[in-house]
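Below is one structure, written out as structure tokens; the observations come after it.
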Amino acid sequence: MAQIGSSARSSVKGGTFAGLGPLLMLPSWVVIGFFLVLPVILMLVYSFLTKEFRGGVIWEFSVNAYDQFFFNRGLFGDEAPTIEWTYINIFWRSIWQAGLATVLCLFIGFPTAWFIATRSGHSKSMWLFLITIPYWVNLLIRTISLKFLIRDTGPMNTWLMSWGIIDQPIHIINSNLAVQLGLFYSYLPFMVLPIYASVERYDFSLSEAAADLYSTRMETLRQIIIPVVKPGIIAGCILVFVPSLGAFLAPDLLGGSKTFMIGSLIEEQFKGNAGNWPFGAAVSMILLSLVLIALMFYARSQSSARKATRAAD
Amino acid sequence: MNTAVEIENVTKRYGDVVALSSVSLAIEDNEFFTLLGPSGCGKTTLLRSIAGFEQLSQGDIKLFGDSIVDLPPNKRPVNTVFQHYALFPHLTVADNVGFGLQRQRLPSHEIASRVADILEMVQLGSYADRLPSMLSGGQQQRVALARALAPRPRLLLLDEPLSALDLKLRQDVRVELQQIQHDTGITFIFVTHDQEEALTMSDRIAVMSEGVLQQVGTPRQIYEAPDNRFVADFIGDTNLIDVQVTQVLDQCATCVLPGGASIACNNMAGASVGAGHLSVRPERVTLGPVDGSALQGEVSRLTYLGTDIHVTVALSDGGKMDVRVQNSDSAAIPQPGSTIGLYLDIAAARLLVD
């Protein structure tokens, strides 16, 4: 029955758009090629060129950019190479900040998504609408507003002091906490929306079945709900972690020199005359490789899990 | 016999809507008990109240003598087979079936052997490592049953478990379910809207309508001695004839049929002088010559049903009667348009007040 149905459907589709399939893909291929593949290739090429001192590149092959990232050869480049920790530390800090932001978004985003998904039709769409409202305002403006709110003389500190809750300003600005707040605030909806989509499809009779089979609420959450909505959780984590890792607005505007992150490091290389384009390109390529390797490991773990269940047949 | 479940005066309200209205029932141990009624009659609400998914507005539910209404679902020694099975999609068949046993903290070797035994019982031994999505509807249904039976509950609740299966499979599963109930000795409470399912499988049936218990009895009592018009009409097909009861004497009522003929009826659900209804099953009416018959009418339609012929007779007063004639005797099948006499099997006709 199902087979007859699906073949009938595909023949209708075939009848209407026969032979158009590849052509329909063309616009996306052009967009992806021109705006994604080409720039990445350009970056890759630039990262292997020689820097020009006032920005720009000299068309001469060089691995100096990568060398500079990993090794310290002294001020004049003539000493025995030692490991250069500066940039690795920046990467490490970025990974740490992005990971923390992801965990924070998950802990706040999951209950939020659950709440929205379990509302009735009308109030559900209202909550979803409220979640997307911040996107009507540019991220730069939102980040600056946040800076204004949390700075030492900003409304938060002023009010807390006038209510007598604190007697001197809480110093948040230019700290890791401020950057963390910025990342969390910027990317929270990216966590909420995919989890919401998963929870929306969740069959609540599964929770009843688990309770019927002697599960406490916590056991139901751990054993049934989280595994079943896991695709949404993972999608949310990727959507928060990846842009947080390369974020530069929040660390730039809310952080200080001690909170320098990858995004700012890259931005600095292409800004003004002090830049080093090949080095910026190399840092970008290293970041891209890291993200791709992480995603590949995830994809492989998923497909091997699928294979394991298929092999069990 | 022990009483497995005592439902005492149970009422459930959702705002102004009364889903259950003072329902009292006693279900015996080792009984195959069916809650039967049209959708919205409260049968599923009652089942969910026993499982613990609904809070009662009033009343008490006792399981083997102990009140369970204050226990959450996970503390009730009761398991449920859900209507759409609610199998855990990320767990294999074996893990689904072993889920309750794991929550009961049984040693893992015992879980493994019990899961293997019960999968053997439902003939799914070779499917232990599959995910539910790889199984057919009938197989999923058996996993759901196995999962609910694995913890060896004293009471099993089944919420329309056959409704998602196709007809042929449904008939096989009916027999299987009865066999499993018989073998395990577990009390079954089975919810269905399908009267045929209820009649063929149950030890006793409770017929419900609009949150009210209409009648409780064996399939035979429910079918042959309905308490009221709703039960007579809902279970099987019946002819309800409006009659005037002129006299009630020694459990024998004298009824005047619409055509003026008078009959004596001693099968009744409490009758008094006045208007009444006579319920006669189509297979309890025979066709014959007009002279000397209780009712007369014109054959308006014949419907061929294979084993039977369904004859619709338009009565002279505007009513109609359905008659079932066995397909074995072709001579007894009338011609459409012919005038014919109807003979009621008075012993099988039941006089109803409401």
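Starting from 1 in every chain, residues are counted up; chains themselves are A, B, ... following the order of the structure tokens, and ligands are numbered from 1 as listed.
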Considering only C-alpha atoms, give me a table of residues in chain A that are at most 6 Å from chain B, with the closest atom pair and distance in Å for each, as a Markdown table.
| residue | atom | partner | partner_atom | distance |
| --- | --- | --- | --- | --- |
| A:Ser205 | CA | B:Ala86 | CA | 5.8 |
| A:Leu206 | CA | B:Ala86 | CA | 5.1 |
| A:Ala211 | CA | B:Asn74 | CA | 4.7 |
| A:Asp212 | CA | B:Asn74 | CA | 5.3 |
| A:Leu213 | CA | B:Gly100 | CA | 4.5 |
| A:Tyr214 | CA | B:Asn74 | CA | 3.9 |
| A:Ser215 | CA | B:Asn74 | CA | 5.7 |
| A:Ala312 | CA | B:Asp129 | CA | 5.8 |
Could you write out, as an NGL selection string, all the residues of region 154-353 of chain B that DSSP marks as alpha helix (DSSP H)? :B and (167-184 or 195-201 or 219-224 or 229-234)
_I want to know what sits within 12 Å of Gln141 (chain B), based on only C-alpha atoms, with residues of the same chain fewer than 2 positions away left out; could you give that as an NGL selection string?_
:B and (81-87 or 93 or 97 or 122-124 or 132-133 or 135-139 or 143-148 or 158-166 or 169-170 or 173-174 or 176-177)
Note to self: Residues near region 10-25 of chain B, anyone? I mean within 7 Å using only C-alpha atoms, not counting same-chain ones fewer than 2 positions away, as a PyMOL selection string.
What the structure shows: chain B and resi 6-8+27+42+56-60+211-213
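A straight line drawn from CA of Glu60 (chain A) to CA of Pro278 (chain A) is 11.0 Å long.
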Using only C-alpha atoms, which residues sit within 12 Å of Ala178 (chain A) once same-chain residues fewer than 6 positions away are excluded, as a PyMOL selection string?
chain A and resi 97+101+143-144+146-152+170-172+184-185+249-256+258-259
Export of the given selection (N, CA, C and O atoms) as a short mmCIF file (atom, residue, chain, number, x, y, z; two decimals), in the first residue's frame:
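Written out: again00.cif:
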data_model
loop_
_atom_site.label_atom_id
_atom_site.label_comp_id
_atom_site.auth_asym_id
_atom_site.auth_seq_id
_atom_site.Cartn_x
_atom_site.Cartn_y
_atom_site.Cartn_z
N GLN A 97 35.02 29.32 26.33
CA GLN A 97 33.90 30.28 26.39
C GLN A 97 32.71 29.78 25.58
O GLN A 97 31.57 29.84 26.03
N ALA A 101 29.10 28.78 26.99
CA ALA A 101 27.89 29.44 26.48
C ALA A 101 26.89 28.38 26.01
O ALA A 101 25.68 28.50 26.22
N THR A 143 24.27 44.12 21.31
CA THR A 143 25.45 43.94 22.15
C THR A 143 25.86 45.25 22.83
O THR A 143 26.21 45.26 24.01
N ILE A 144 25.74 46.34 22.10
CA ILE A 144 26.06 47.64 22.70
C ILE A 144 25.06 47.97 23.81
O ILE A 144 25.45 48.49 24.87
N LEU A 146 23.59 45.83 25.68
CA LEU A 146 23.96 45.00 26.82
C LEU A 146 25.13 45.65 27.57
O LEU A 146 25.14 45.67 28.80
N LYS A 147 26.07 46.16 26.80
CA LYS A 147 27.22 46.84 27.41
C LYS A 147 26.76 48.01 28.26
O LYS A 147 27.19 48.18 29.40
N PHE A 148 25.82 48.78 27.72
CA PHE A 148 25.27 49.92 28.42
C PHE A 148 24.59 49.48 29.72
O PHE A 148 24.74 50.10 30.77
N LEU A 149 23.86 48.37 29.63
CA LEU A 149 23.12 47.88 30.80
C LEU A 149 24.03 47.46 31.94
O LEU A 149 23.74 47.71 33.11
N ILE A 150 25.13 46.76 31.59
CA ILE A 150 25.92 46.13 32.66
C ILE A 150 27.15 46.93 33.07
O ILE A 150 27.86 46.53 33.98
N ARG A 151 27.41 48.04 32.41
CA ARG A 151 28.63 48.76 32.78
C ARG A 151 28.50 49.33 34.20
O ARG A 151 27.38 49.41 34.75
N ASP A 152 29.65 49.75 34.76
CA ASP A 152 29.68 50.16 36.17
C ASP A 152 28.68 51.26 36.50
O ASP A 152 28.09 51.28 37.57
N ILE A 170 28.92 46.25 40.75
CA ILE A 170 29.47 44.95 40.40
C ILE A 170 30.23 45.14 39.10
O ILE A 170 29.65 45.58 38.09
N HIS A 171 31.49 44.82 39.11
CA HIS A 171 32.30 45.04 37.92
C HIS A 171 32.21 43.84 36.98
O HIS A 171 32.80 42.80 37.23
N ILE A 172 31.44 43.99 35.94
CA ILE A 172 31.25 42.89 35.00
C ILE A 172 31.95 43.17 33.68
O ILE A 172 32.55 42.30 33.07
N PHE A 184 25.85 34.10 25.44
CA PHE A 184 24.63 33.44 25.87
C PHE A 184 23.40 34.15 25.32
O PHE A 184 22.51 33.54 24.74
N TYR A 185 23.41 35.48 25.47
CA TYR A 185 22.26 36.26 25.04
C TYR A 185 22.10 36.23 23.52
O TYR A 185 20.99 36.13 23.00
N LEU A 249 31.86 40.07 18.05
CA LEU A 249 31.19 41.25 18.59
C LEU A 249 31.19 41.26 20.11
O LEU A 249 31.59 42.23 20.74
N ALA A 250 30.74 40.13 20.70
CA ALA A 250 30.65 40.07 22.16
C ALA A 250 32.02 40.23 22.83
O ALA A 250 32.19 41.09 23.69
N PRO A 251 33.05 39.45 22.42
CA PRO A 251 34.35 39.64 23.07
C PRO A 251 34.92 41.02 22.79
O PRO A 251 35.59 41.61 23.66
N ASP A 252 34.64 41.56 21.61
CA ASP A 252 35.21 42.84 21.24
C ASP A 252 34.59 43.97 22.06
O ASP A 252 35.29 44.84 22.56
N LEU A 253 33.27 43.95 22.19
CA LEU A 253 32.58 45.06 22.83
C LEU A 253 32.45 44.91 24.33
O LEU A 253 32.44 45.87 25.07
N LEU A 254 32.31 43.65 24.78
CA LEU A 254 32.05 43.45 26.21
C LEU A 254 33.30 43.02 26.97
O LEU A 254 33.36 43.15 28.18
N GLY A 255 34.26 42.45 26.24
CA GLY A 255 35.45 41.93 26.90
C GLY A 255 36.60 42.92 26.87
O GLY A 255 36.49 44.01 26.31
N GLY A 256 37.70 42.51 27.45
CA GLY A 256 38.90 43.33 27.43
C GLY A 256 40.03 42.54 26.81
O GLY A 256 39.81 41.55 26.14
N LYS A 258 42.09 40.62 28.20
CA LYS A 258 42.23 39.28 28.76
C LYS A 258 41.18 38.31 28.24
O LYS A 258 41.21 37.13 28.55
N THR A 259 40.20 38.84 27.51
CA THR A 259 39.13 37.97 27.05
C THR A 259 39.16 37.81 25.53
O THR A 259 38.18 37.46 24.92
#
Select from region 39-210 of chain A everything DSSP, run on the backbone, classes as strand (DSSP E or B), then give the selection as a list in words.
Leu49, Thr50, Lys51, Val57, Ile58, Trp59, Glu60, Phe61, Phe71, Asn72, Thr82 and Ile83 of chain A
Can you work out the spacing between CA of Val285 (chain B) and CA of Leu342 (chain B) in Å, to one decimal?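 According to the coordinates, CA of Val285 (chain B) and CA of Leu342 (chain B) are separated by 6.6 Å.
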As a ChimeraX atom specification, please: the residues near Leu128 (chain A) (cut-off 12 Å, only C-alpha atoms, same-chain neighbours under 3 positions excluded).
/A:112-119,121-125,131-134,189,192-194,196-197
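In this structure, CA of Ile224 (chain A) sits 14.9 Å away from CA of Phe110 (chain A).
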